[in-house]
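Next up, my_file.pdb (PDB, C-alpha atoms and all ligand atoms):
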ATOM      1  CA  MET A   1       0.000   0.000   0.000  1.00  0.00           C
ATOM      2  CA  MET A   2       1.512   3.288  -1.090  1.00  0.00           C
ATOM      3  CA  ARG A   3      -0.151   6.609  -0.419  1.00  0.00           C
ATOM      4  CA  ILE A   4       2.059   9.472  -1.436  1.00  0.00           C
ATOM      5  CA  ILE A   5       1.572  13.220  -1.674  1.00  0.00           C
ATOM      6  CA  LEU A   6       3.609  15.206  -4.160  1.00  0.00           C
ATOM      7  CA  LEU A   7       3.725  18.965  -3.698  1.00  0.00           C
ATOM      8  CA  GLY A   8       5.869  21.786  -4.941  1.00  0.00           C
ATOM      9  CA  PRO A   9       5.489  25.291  -6.329  1.00  0.00           C
ATOM     10  CA  PRO A  10       3.881  25.670  -9.751  1.00  0.00           C
ATOM     11  CA  GLY A  11       6.420  24.638 -12.371  1.00  0.00           C
ATOM     12  CA  ALA A  12       8.316  22.275 -10.051  1.00  0.00           C
ATOM     13  CA  GLY A  13       7.560  19.314 -12.313  1.00  0.00           C
ATOM     14  CA  LYS A  14       4.952  17.612 -10.112  1.00  0.00           C
ATOM     15  CA  GLY A  15       2.990  16.178 -13.017  1.00  0.00           C
ATOM     16  CA  THR A  16       6.036  14.590 -14.640  1.00  0.00           C
ATOM     17  CA  GLN A  17       7.303  13.056 -11.403  1.00  0.00           C
ATOM     18  CA  ALA A  18       3.831  11.906 -10.353  1.00  0.00           C
ATOM     19  CA  GLN A  19       3.570   9.989 -13.629  1.00  0.00           C
ATOM     20  CA  PHE A  20       6.896   8.240 -12.947  1.00  0.00           C
ATOM     21  CA  ILE A  21       5.839   7.291  -9.423  1.00  0.00           C
ATOM     22  CA  SER A  22       2.449   6.147 -10.630  1.00  0.00           C
ATOM     23  CA  LYS A  23       4.101   3.718 -13.063  1.00  0.00           C
ATOM     24  CA  GLU A  24       6.811   2.644 -10.644  1.00  0.00           C
ATOM     25  CA  TYR A  25       4.366   1.634  -7.899  1.00  0.00           C
ATOM     26  CA  ASP A  26       1.431   0.846 -10.131  1.00  0.00           C
ATOM     27  CA  ILE A  27      -0.838   3.279  -8.338  1.00  0.00           C
ATOM     28  CA  PRO A  28      -3.115   5.892  -9.922  1.00  0.00           C
ATOM     29  CA  GLN A  29      -2.126   9.552 -10.081  1.00  0.00           C
ATOM     30  CA  ILE A  30      -4.749  11.814  -8.566  1.00  0.00           C
ATOM     31  CA  SER A  31      -4.099  15.304  -9.897  1.00  0.00           C
ATOM     32  CA  THR A  32      -6.744  17.752  -8.723  1.00  0.00           C
ATOM     33  CA  GLY A  33      -5.469  20.250 -11.315  1.00  0.00           C
ATOM     34  CA  ASP A  34      -5.967  17.737 -14.173  1.00  0.00           C
ATOM     35  CA  MET A  35      -9.412  16.811 -12.840  1.00  0.00           C
ATOM     36  CA  LEU A  36     -10.446  20.457 -12.686  1.00  0.00           C
ATOM     37  CA  ARG A  37      -9.179  21.126 -16.216  1.00  0.00           C
ATOM     38  CA  ALA A  38     -11.156  18.100 -17.427  1.00  0.00           C
ATOM     39  CA  ALA A  39     -14.282  19.448 -15.691  1.00  0.00           C
ATOM     40  CA  ILE A  40     -13.837  22.813 -17.398  1.00  0.00           C
ATOM     41  CA  LYS A  41     -13.439  21.130 -20.773  1.00  0.00           C
ATOM     42  CA  GLU A  42     -16.604  19.092 -20.204  1.00  0.00           C
ATOM     43  CA  GLY A  43     -18.458  22.236 -19.172  1.00  0.00           C
ATOM     44  CA  SER A  44     -19.694  20.550 -15.986  1.00  0.00           C
ATOM     45  CA  GLU A  45     -21.072  22.471 -13.015  1.00  0.00           C
ATOM     46  CA  LEU A  46     -17.765  21.931 -11.177  1.00  0.00           C
ATOM     47  CA  GLY A  47     -15.886  23.279 -14.192  1.00  0.00           C
ATOM     48  CA  LYS A  48     -18.030  26.395 -14.246  1.00  0.00           C
ATOM     49  CA  GLN A  49     -17.429  26.977 -10.550  1.00  0.00           C
ATOM     50  CA  ALA A  50     -13.658  26.468 -10.805  1.00  0.00           C
ATOM     51  CA  LYS A  51     -12.868  28.260 -14.052  1.00  0.00           C
ATOM     52  CA  ASP A  52     -12.560  31.903 -13.000  1.00  0.00           C
ATOM     53  CA  VAL A  53     -10.533  31.147  -9.877  1.00  0.00           C
ATOM     54  CA  MET A  54      -8.138  28.933 -11.836  1.00  0.00           C
ATOM     55  CA  ASN A  55      -7.680  31.509 -14.564  1.00  0.00           C
ATOM     56  CA  ALA A  56      -6.783  34.072 -11.921  1.00  0.00           C
ATOM     57  CA  GLY A  57      -4.264  31.712 -10.287  1.00  0.00           C
ATOM     58  CA  GLY A  58      -6.235  31.397  -7.060  1.00  0.00           C
ATOM     59  CA  LEU A  59      -7.098  28.218  -5.188  1.00  0.00           C
ATOM     60  CA  VAL A  60     -10.450  26.531  -5.799  1.00  0.00           C
ATOM     61  CA  SER A  61     -12.599  26.209  -2.665  1.00  0.00           C
ATOM     62  CA  ASP A  62     -11.751  23.445  -0.227  1.00  0.00           C
ATOM     63  CA  ASP A  63     -15.317  22.071  -0.431  1.00  0.00           C
ATOM     64  CA  LEU A  64     -15.130  21.464  -4.171  1.00  0.00           C
ATOM     65  CA  ILE A  65     -11.686  19.902  -3.947  1.00  0.00           C
ATOM     66  CA  ILE A  66     -12.587  17.611  -1.058  1.00  0.00           C
ATOM     67  CA  ASN A  67     -15.695  16.340  -2.864  1.00  0.00           C
ATOM     68  CA  LEU A  68     -13.628  15.636  -5.941  1.00  0.00           C
ATOM     69  CA  VAL A  69     -10.955  13.715  -4.029  1.00  0.00           C
ATOM     70  CA  GLN A  70     -13.428  11.863  -1.861  1.00  0.00           C
ATOM     71  CA  GLU A  71     -15.207  10.488  -4.916  1.00  0.00           C
ATOM     72  CA  ARG A  72     -11.963   9.630  -6.655  1.00  0.00           C
ATOM     73  CA  ILE A  73     -10.330   7.686  -3.809  1.00  0.00           C
ATOM     74  CA  ALA A  74     -13.466   5.583  -3.355  1.00  0.00           C
ATOM     75  CA  LYS A  75     -12.906   4.067  -6.825  1.00  0.00           C
ATOM     76  CA  PRO A  76     -11.612   0.492  -6.983  1.00  0.00           C
ATOM     77  CA  ASP A  77      -8.280   1.371  -8.625  1.00  0.00           C
ATOM     78  CA  CYS A  78      -7.261   3.191  -5.441  1.00  0.00           C
ATOM     79  CA  VAL A  79      -7.425   0.172  -3.133  1.00  0.00           C
ATOM     80  CA  ASN A  80      -3.670  -0.365  -3.337  1.00  0.00           C
ATOM     81  CA  GLY A  81      -2.837   3.274  -2.907  1.00  0.00           C
ATOM     82  CA  CYS A  82      -2.466   6.405  -4.981  1.00  0.00           C
ATOM     83  CA  ILE A  83      -0.291   9.416  -5.545  1.00  0.00           C
ATOM     84  CA  PHE A  84      -1.868  12.783  -4.806  1.00  0.00           C
ATOM     85  CA  ASP A  85      -0.425  15.361  -7.179  1.00  0.00           C
ATOM     86  CA  GLY A  86      -1.055  18.955  -6.113  1.00  0.00           C
ATOM     87  CA  PHE A  87      -3.308  18.017  -3.213  1.00  0.00           C
ATOM     88  CA  PRO A  88      -3.714  18.926  -0.337  1.00  0.00           C
ATOM     89  CA  ARG A  89      -2.920  22.577  -1.004  1.00  0.00           C
ATOM     90  CA  THR A  90      -4.383  24.100   2.167  1.00  0.00           C
ATOM     91  CA  TYR A  91      -4.220  23.247   5.841  1.00  0.00           C
ATOM     92  CA  ILE A  92      -7.951  22.470   5.808  1.00  0.00           C
ATOM     93  CA  GLN A  93      -7.555  20.043   2.897  1.00  0.00           C
ATOM     94  CA  ALA A  94      -4.709  18.308   4.757  1.00  0.00           C
ATOM     95  CA  TYR A  95      -6.754  18.062   7.906  1.00  0.00           C
ATOM     96  CA  ILE A  96      -9.766  16.609   6.089  1.00  0.00           C
ATOM     97  CA  LEU A  97      -7.553  14.187   4.171  1.00  0.00           C
ATOM     98  CA  GLU A  98      -6.386  12.801   7.508  1.00  0.00           C
ATOM     99  CA  GLY A  99     -10.009  12.035   8.354  1.00  0.00           C
ATOM    100  CA  LEU A 100     -10.618  10.410   4.956  1.00  0.00           C
ATOM    101  CA  MET A 101      -7.559   8.206   5.438  1.00  0.00           C
ATOM    102  CA  LEU A 102      -8.735   7.135   8.880  1.00  0.00           C
ATOM    103  CA  LYS A 103     -12.158   6.292   7.506  1.00  0.00           C
ATOM    104  CA  LEU A 104     -10.529   4.094   4.871  1.00  0.00           C
ATOM    105  CA  ASN A 105      -8.408   2.500   7.558  1.00  0.00           C
ATOM    106  CA  THR A 106      -5.231   3.639   5.870  1.00  0.00           C
ATOM    107  CA  SER A 107      -2.602   6.334   6.215  1.00  0.00           C
ATOM    108  CA  LEU A 108      -0.152   8.374   4.188  1.00  0.00           C
ATOM    109  CA  ASN A 109       3.365   7.040   3.682  1.00  0.00           C
ATOM    110  CA  CYS A 110       5.088  10.268   2.806  1.00  0.00           C
ATOM    111  CA  LEU A 111       4.866  13.767   1.435  1.00  0.00           C
ATOM    112  CA  ILE A 112       7.447  14.599  -1.192  1.00  0.00           C
ATOM    113  CA  SER A 113       8.197  18.285  -1.611  1.00  0.00           C
ATOM    114  CA  LEU A 114       9.811  19.144  -4.938  1.00  0.00           C
ATOM    115  CA  ASN A 115      11.901  22.225  -4.295  1.00  0.00           C
ATOM    116  CA  VAL A 116      12.537  24.756  -7.025  1.00  0.00           C
ATOM    117  CA  PRO A 117      13.620  28.397  -6.574  1.00  0.00           C
ATOM    118  CA  GLU A 118      10.919  30.932  -7.355  1.00  0.00           C
ATOM    119  CA  GLU A 119      12.546  32.508 -10.421  1.00  0.00           C
ATOM    120  CA  GLU A 120      13.178  29.056 -11.910  1.00  0.00           C
ATOM    121  CA  SER A 121       9.446  28.269 -11.490  1.00  0.00           C
ATOM    122  CA  VAL A 122       8.505  31.469 -13.283  1.00  0.00           C
ATOM    123  CA  ALA A 123      10.958  30.845 -16.123  1.00  0.00           C
ATOM    124  CA  ARG A 124       9.771  27.265 -16.588  1.00  0.00           C
ATOM    125  CA  LEU A 125       6.100  28.212 -16.600  1.00  0.00           C
ATOM    126  CA  LEU A 126       6.601  31.079 -19.041  1.00  0.00           C
ATOM    127  CA  ASN A 127       8.365  28.630 -21.299  1.00  0.00           C
ATOM    128  CA  ARG A 128       5.636  26.001 -20.855  1.00  0.00           C
ATOM    129  CA  GLY A 129       3.031  28.674 -21.578  1.00  0.00           C
ATOM    130  CA  LYS A 130       4.317  28.940 -25.145  1.00  0.00           C
ATOM    131  CA  THR A 131       3.000  25.449 -25.880  1.00  0.00           C
ATOM    132  CA  SER A 132       0.765  24.306 -23.021  1.00  0.00           C
ATOM    133  CA  GLY A 133      -2.289  26.299 -24.024  1.00  0.00           C
ATOM    134  CA  ARG A 134      -2.906  26.751 -20.291  1.00  0.00           C
ATOM    135  CA  SER A 135      -4.526  30.088 -19.606  1.00  0.00           C
ATOM    136  CA  ASP A 136      -2.790  30.252 -16.213  1.00  0.00           C
ATOM    137  CA  ASP A 137       0.759  30.052 -17.621  1.00  0.00           C
ATOM    138  CA  ASN A 138       1.317  33.803 -17.963  1.00  0.00           C
ATOM    139  CA  GLU A 139       3.393  36.024 -15.719  1.00  0.00           C
ATOM    140  CA  LYS A 140       0.676  37.829 -13.771  1.00  0.00           C
ATOM    141  CA  VAL A 141      -1.179  34.614 -13.020  1.00  0.00           C
ATOM    142  CA  ILE A 142       2.045  32.708 -12.309  1.00  0.00           C
ATOM    143  CA  ARG A 143       2.987  35.291  -9.654  1.00  0.00           C
ATOM    144  CA  ASN A 144      -0.413  34.833  -8.040  1.00  0.00           C
ATOM    145  CA  ARG A 145      -0.092  31.041  -8.089  1.00  0.00           C
ATOM    146  CA  LEU A 146       3.276  31.374  -6.338  1.00  0.00           C
ATOM    147  CA  LYS A 147       1.787  33.747  -3.779  1.00  0.00           C
ATOM    148  CA  GLU A 148      -1.017  31.269  -3.069  1.00  0.00           C
ATOM    149  CA  TYR A 149       1.557  28.506  -2.738  1.00  0.00           C
ATOM    150  CA  ASN A 150       3.645  30.478  -0.267  1.00  0.00           C
ATOM    151  CA  GLU A 151       0.690  31.611   1.808  1.00  0.00           C
ATOM    152  CA  LYS A 152      -1.535  28.549   1.796  1.00  0.00           C
ATOM    153  CA  THR A 153       0.513  25.495   0.838  1.00  0.00           C
ATOM    154  CA  LEU A 154       3.709  26.066   2.856  1.00  0.00           C
ATOM    155  CA  PRO A 155       1.716  25.482   6.095  1.00  0.00           C
ATOM    156  CA  VAL A 156       0.710  22.096   4.643  1.00  0.00           C
ATOM    157  CA  LEU A 157       4.388  21.143   4.350  1.00  0.00           C
ATOM    158  CA  GLN A 158       4.861  22.043   8.013  1.00  0.00           C
ATOM    159  CA  PHE A 159       1.834  19.907   8.946  1.00  0.00           C
ATOM    160  CA  TYR A 160       3.512  16.816   7.448  1.00  0.00           C
ATOM    161  CA  ARG A 161       6.944  17.783   8.762  1.00  0.00           C
ATOM    162  CA  ASP A 162       5.415  17.662  12.229  1.00  0.00           C
ATOM    163  CA  LYS A 163       3.940  14.241  11.454  1.00  0.00           C
ATOM    164  CA  GLY A 164       7.410  13.017  10.456  1.00  0.00           C
ATOM    165  CA  ILE A 165       6.589  11.932   6.911  1.00  0.00           C
ATOM    166  CA  TYR A 166       8.112  14.895   5.046  1.00  0.00           C
ATOM    167  CA  VAL A 167      10.773  14.323   2.367  1.00  0.00           C
ATOM    168  CA  GLU A 168      12.443  17.080   0.378  1.00  0.00           C
ATOM    169  CA  VAL A 169      13.758  16.584  -3.161  1.00  0.00           C
ATOM    170  CA  ASN A 170      15.759  19.017  -5.242  1.00  0.00           C
ATOM    171  CA  GLY A 171      13.566  19.749  -8.257  1.00  0.00           C
ATOM    172  CA  ILE A 172      16.182  21.596 -10.322  1.00  0.00           C
ATOM    173  CA  ASP A 173      18.063  18.431 -11.204  1.00  0.00           C
ATOM    174  CA  THR A 174      17.337  16.590 -14.452  1.00  0.00           C
ATOM    175  CA  ILE A 175      14.009  14.768 -14.679  1.00  0.00           C
ATOM    176  CA  GLU A 176      15.830  11.419 -14.416  1.00  0.00           C
ATOM    177  CA  ASN A 177      17.866  12.400 -11.355  1.00  0.00           C
ATOM    178  CA  VAL A 178      14.850  13.852  -9.576  1.00  0.00           C
ATOM    179  CA  ASN A 179      13.061  10.615 -10.295  1.00  0.00           C
ATOM    180  CA  LEU A 180      15.974   8.582  -8.917  1.00  0.00           C
ATOM    181  CA  SER A 181      16.073  10.571  -5.702  1.00  0.00           C
ATOM    182  CA  ILE A 182      12.347  10.106  -5.240  1.00  0.00           C
ATOM    183  CA  THR A 183      12.151   6.350  -5.805  1.00  0.00           C
TER     184      THR A 183
HETATM  185  P1  LIG B 201      -2.052  22.463 -11.034  1.00  0.00           P
HETATM  186  O1  LIG B 201      -2.368  21.738 -12.290  1.00  0.00           O
HETATM  187  O2  LIG B 201      -1.767  21.538  -9.889  1.00  0.00           O
HETATM  188  O3  LIG B 201      -0.974  23.487 -11.216  1.00  0.00           O
HETATM  189  O4  LIG B 201      -3.372  23.264 -10.630  1.00  0.00           O
HETATM  190  C1  LIG B 201      -3.894  24.264 -11.466  1.00  0.00           C
HETATM  191  C2  LIG B 201      -4.921  25.100 -10.702  1.00  0.00           C
HETATM  192  O5  LIG B 201      -5.999  24.262 -10.260  1.00  0.00           O
HETATM  193  C3  LIG B 201      -4.421  25.774  -9.443  1.00  0.00           C
HETATM  194  O6  LIG B 201      -3.787  27.015  -9.714  1.00  0.00           O
HETATM  195  C4  LIG B 201      -5.713  25.939  -8.647  1.00  0.00           C
HETATM  196  O7  LIG B 201      -6.481  27.012  -9.155  1.00  0.00           O
HETATM  197  C5  LIG B 201      -6.470  24.663  -8.989  1.00  0.00           C
HETATM  198  N1  LIG B 201      -6.175  23.573  -8.022  1.00  0.00           N
HETATM  199  C6  LIG B 201      -5.560  22.385  -8.298  1.00  0.00           C
HETATM  200  N2  LIG B 201      -5.480  21.639  -7.205  1.00  0.00           N
HETATM  201  C7  LIG B 201      -6.034  22.354  -6.190  1.00  0.00           C
HETATM  202  C8  LIG B 201      -6.226  22.119  -4.807  1.00  0.00           C
HETATM  203  N3  LIG B 201      -5.836  20.976  -4.212  1.00  0.00           N
HETATM  204  N4  LIG B 201      -6.853  23.088  -4.084  1.00  0.00           N
HETATM  205  C9  LIG B 201      -7.273  24.231  -4.653  1.00  0.00           C
HETATM  206  N5  LIG B 201      -7.106  24.526  -5.951  1.00  0.00           N
HETATM  207  C10 LIG B 201      -6.498  23.593  -6.726  1.00  0.00           C
END

Hey, can you dump this file as structure tokens for me?
Ligand code: AMP
Amino acid sequence: MMRIILLGPPGAGKGTQAQFISKEYDIPQISTGDMLRAAIKEGSELGKQAKDVMNAGGLVSDDLIINLVQERIAKPDCVNGCIFDGFPRTYIQAYILEGLMLKLNTSLNCLISLNVPEEESVARLLNRGKTSGRSDDNEKVIRNRLKEYNEKTLPVLQFYRDKGIYVEVNGIDTIENVNLSIT
């Protein structure tokens, strides 16, 4: 049973590393960002509620995110674990996730924090923005995403540090080396 959280500032390479880990341990990747983008594409009610906040680089409400994750982890492919990519992003989400884990009679193995200096994040995202088609990969929005990360997600890292399951990985290495230091 592997239950892993992968966090890091926008542009740290979470998605890429989460995919590696997902394959390595044969566990599904649960990316709240991907799920929200899919909801927007579908034009679902959730998508409509999340769209403006995402485009502004803010965080979607904890209620919406928790509902999304709760439904997802109840699916059969999650029985042997999962990797949370970009979740939990607030202290409240982390706190509620603890309760969900207890209810499922399971617990988290570790939180991996991919560390990348702020200006490197910005440079990477501006570069990605040229091809990603993501409306939130532009400088003004990137700065807001970083601000949200610093204000709301850094306390989440402390929460897991206190629980003793926090691992830090240098995210400015090559994709392969980052992957090696994670697995
Ligand atoms: P990401 O793909 O992880 O960079 O997420 C893109 C955007 O989706 C973020 O800037 C937030 O607006 C939203 N989002 C993704 N995950 C969460 C989360 N756990 N809590 C709140 N908002 C989220």

*Write out as a list in words each polymer residue whose atoms come within 8 Å of stretch 29-32 of chain A, counting all atoms listed in the file; drop sequence neighbours fewer than 4 positions from it.*
Gly15, Ala18, Gln19, Ser22, Leu36, Ile65, Leu68, Val69, Arg72, Cys82, Ile83, Phe84, Asp85, Gly86 and Phe87 of chain A

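For the pair atom O2 of ligand LIG 201 (chain B) and atom CA of A:Tyr25, the separation is 20.9 Å.
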
*Take the PyMOL selection byres (((not hetatm)) within 8 of (chain B and resi 201)), apply it to the structure above, and return the hits as a ChimeraX atom specification.*
/A:10-11,14-15,31-34,36-37,50,53-62,65,85-90,93,136,145

*asked:* What does the structure give for the distance between atom CA of A:Leu100 and atom CA of A:Leu7, in Å to one decimal?
replied: 18.8 Å

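The spacing separating atom CA of A:Glu118 from atom CA of A:Gly8 amounts to 10.7 Å.
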
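Shortest atom-to-atom contact with A:Asn105 among A:Ser44, A:Lys152, A:Val79, A:Ala123: A:Val79, counting all atoms listed in the file.
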
Counting all atoms listed in the file, which residues of stretch 71-166 of chain A fall within 12 Å of stretch 176-179 of chain A, and what is the closest atom pair for each with its distance in Å at one decimal, ordered by chain and rising number, as CSV?
residue,atom,partner,partner_atom,distance
A:Ile112,CA,A:Val178,CA,11.2
A:Ser113,CA,A:Val178,CA,11.3
A:Leu114,CA,A:Val178,CA,8.7
A:Asn115,CA,A:Val178,CA,10.3
A:Val116,CA,A:Val178,CA,11.4

*In terms of the shortest atom-to-atom distance over only C-alpha atoms, which of A:Phe159, A:Glu139, A:Gly81, A:Pro28 is closest to A:Asn109?*
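That would be A:Gly81, the residue with the smallest distance to A:Asn109.
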
Explicit residues for the PyMOL selection byres (((chain A and resi 104) around 12) and not hetatm) (as an mmCIF file with C-alpha atoms, in the frame of the given file):
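Writing done, so here's expr.cif:
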data_model
loop_
_atom_site.group_PDB
_atom_site.id
_atom_site.type_symbol
_atom_site.label_atom_id
_atom_site.label_comp_id
_atom_site.auth_asym_id
_atom_site.auth_seq_id
_atom_site.Cartn_x
_atom_site.Cartn_y
_atom_site.Cartn_z
ATOM 1 C CA ARG A 3 -0.151 6.609 -0.419
ATOM 2 C CA GLN A 70 -13.428 11.863 -1.861
ATOM 3 C CA ILE A 73 -10.330 7.686 -3.809
ATOM 4 C CA ALA A 74 -13.466 5.583 -3.355
ATOM 5 C CA LYS A 75 -12.906 4.067 -6.825
ATOM 6 C CA CYS A 78 -7.261 3.191 -5.441
ATOM 7 C CA VAL A 79 -7.425 0.172 -3.133
ATOM 8 C CA ASN A 80 -3.670 -0.365 -3.337
ATOM 9 C CA GLY A 81 -2.837 3.274 -2.907
ATOM 10 C CA LEU A 97 -7.553 14.187 4.171
ATOM 11 C CA GLU A 98 -6.386 12.801 7.508
ATOM 12 C CA GLY A 99 -10.009 12.035 8.354
ATOM 13 C CA LEU A 100 -10.618 10.410 4.956
ATOM 14 C CA MET A 101 -7.559 8.206 5.438
ATOM 15 C CA LEU A 102 -8.735 7.135 8.880
ATOM 16 C CA LYS A 103 -12.158 6.292 7.506
ATOM 17 C CA ASN A 105 -8.408 2.500 7.558
ATOM 18 C CA THR A 106 -5.231 3.639 5.870
ATOM 19 C CA SER A 107 -2.602 6.334 6.215
ATOM 20 C CA LEU A 108 -0.152 8.374 4.188
#

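Evaluated on this file, the PyMOL selection byres (((chain A and resi 128) around 12) and not hetatm) matches Pro10, Gly11, Ala12, Gly13, Ser121, Val122, Ala123, Arg124, Leu125, Leu126, Asn127, Gly129, Lys130, Thr131, Ser132, Gly133, Arg134, Ser135, Asp136, Asp137, Asn138, Glu139 and Ile142 of chain A.
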
_Quick one: residues within 9 Å of A:Pro117, all atoms listed in the file, excluding same-chain residues fewer than 6 positions away - as a ChimeraX atom specification?_
/A:9,12,171-172

Take every atom of stretch 60-77 of chain A listed in the file, fit an axis-aligned box around them, add 5 Å per side, and give the centre and edge lengths in Å to one decimal as lines of an AutoDock Vina configuration file.
center_x = -12.0
center_y = 13.5
center_z = -4.4
size_x = 17.4
size_y = 36.0
size_z = 18.4

*Taking only C-alpha atoms into account, which of A:Ile40, A:Leu146, A:Ile92, A:Leu180 comes nearest A:Glu120?*
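Checking each candidate against A:Glu120, we get A:Leu146 as the closest.
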
Copy stretch 117-173 of chain A out of the block into a file, keeping C-alpha atoms, as a PDB file, in the first residue's frame.
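Result file follows (result.pdb):
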ATOM      1  CA  PRO A 117      13.620  28.397  -6.574  1.00  0.00           C
ATOM      2  CA  GLU A 118      10.919  30.932  -7.355  1.00  0.00           C
ATOM      3  CA  GLU A 119      12.546  32.508 -10.421  1.00  0.00           C
ATOM      4  CA  GLU A 120      13.178  29.056 -11.910  1.00  0.00           C
ATOM      5  CA  SER A 121       9.446  28.269 -11.490  1.00  0.00           C
ATOM      6  CA  VAL A 122       8.505  31.469 -13.283  1.00  0.00           C
ATOM      7  CA  ALA A 123      10.958  30.845 -16.123  1.00  0.00           C
ATOM      8  CA  ARG A 124       9.771  27.265 -16.588  1.00  0.00           C
ATOM      9  CA  LEU A 125       6.100  28.212 -16.600  1.00  0.00           C
ATOM     10  CA  LEU A 126       6.601  31.079 -19.041  1.00  0.00           C
ATOM     11  CA  ASN A 127       8.365  28.630 -21.299  1.00  0.00           C
ATOM     12  CA  ARG A 128       5.636  26.001 -20.855  1.00  0.00           C
ATOM     13  CA  GLY A 129       3.031  28.674 -21.578  1.00  0.00           C
ATOM     14  CA  LYS A 130       4.317  28.940 -25.145  1.00  0.00           C
ATOM     15  CA  THR A 131       3.000  25.449 -25.880  1.00  0.00           C
ATOM     16  CA  SER A 132       0.765  24.306 -23.021  1.00  0.00           C
ATOM     17  CA  GLY A 133      -2.289  26.299 -24.024  1.00  0.00           C
ATOM     18  CA  ARG A 134      -2.906  26.751 -20.291  1.00  0.00           C
ATOM     19  CA  SER A 135      -4.526  30.088 -19.606  1.00  0.00           C
ATOM     20  CA  ASP A 136      -2.790  30.252 -16.213  1.00  0.00           C
ATOM     21  CA  ASP A 137       0.759  30.052 -17.621  1.00  0.00           C
ATOM     22  CA  ASN A 138       1.317  33.803 -17.963  1.00  0.00           C
ATOM     23  CA  GLU A 139       3.393  36.024 -15.719  1.00  0.00           C
ATOM     24  CA  LYS A 140       0.676  37.829 -13.771  1.00  0.00           C
ATOM     25  CA  VAL A 141      -1.179  34.614 -13.020  1.00  0.00           C
ATOM     26  CA  ILE A 142       2.045  32.708 -12.309  1.00  0.00           C
ATOM     27  CA  ARG A 143       2.987  35.291  -9.654  1.00  0.00           C
ATOM     28  CA  ASN A 144      -0.413  34.833  -8.040  1.00  0.00           C
ATOM     29  CA  ARG A 145      -0.092  31.041  -8.089  1.00  0.00           C
ATOM     30  CA  LEU A 146       3.276  31.374  -6.338  1.00  0.00           C
ATOM     31  CA  LYS A 147       1.787  33.747  -3.779  1.00  0.00           C
ATOM     32  CA  GLU A 148      -1.017  31.269  -3.069  1.00  0.00           C
ATOM     33  CA  TYR A 149       1.557  28.506  -2.738  1.00  0.00           C
ATOM     34  CA  ASN A 150       3.645  30.478  -0.267  1.00  0.00           C
ATOM     35  CA  GLU A 151       0.690  31.611   1.808  1.00  0.00           C
ATOM     36  CA  LYS A 152      -1.535  28.549   1.796  1.00  0.00           C
ATOM     37  CA  THR A 153       0.513  25.495   0.838  1.00  0.00           C
ATOM     38  CA  LEU A 154       3.709  26.066   2.856  1.00  0.00           C
ATOM     39  CA  PRO A 155       1.716  25.482   6.095  1.00  0.00           C
ATOM     40  CA  VAL A 156       0.710  22.096   4.643  1.00  0.00           C
ATOM     41  CA  LEU A 157       4.388  21.143   4.350  1.00  0.00           C
ATOM     42  CA  GLN A 158       4.861  22.043   8.013  1.00  0.00           C
ATOM     43  CA  PHE A 159       1.834  19.907   8.946  1.00  0.00           C
ATOM     44  CA  TYR A 160       3.512  16.816   7.448  1.00  0.00           C
ATOM     45  CA  ARG A 161       6.944  17.783   8.762  1.00  0.00           C
ATOM     46  CA  ASP A 162       5.415  17.662  12.229  1.00  0.00           C
ATOM     47  CA  LYS A 163       3.940  14.241  11.454  1.00  0.00           C
ATOM     48  CA  GLY A 164       7.410  13.017  10.456  1.00  0.00           C
ATOM     49  CA  ILE A 165       6.589  11.932   6.911  1.00  0.00           C
ATOM     50  CA  TYR A 166       8.112  14.895   5.046  1.00  0.00           C
ATOM     51  CA  VAL A 167      10.773  14.323   2.367  1.00  0.00           C
ATOM     52  CA  GLU A 168      12.443  17.080   0.378  1.00  0.00           C
ATOM     53  CA  VAL A 169      13.758  16.584  -3.161  1.00  0.00           C
ATOM     54  CA  ASN A 170      15.759  19.017  -5.242  1.00  0.00           C
ATOM     55  CA  GLY A 171      13.566  19.749  -8.257  1.00  0.00           C
ATOM     56  CA  ILE A 172      16.182  21.596 -10.322  1.00  0.00           C
ATOM     57  CA  ASP A 173      18.063  18.431 -11.204  1.00  0.00           C
TER      58      ASP A 173
END
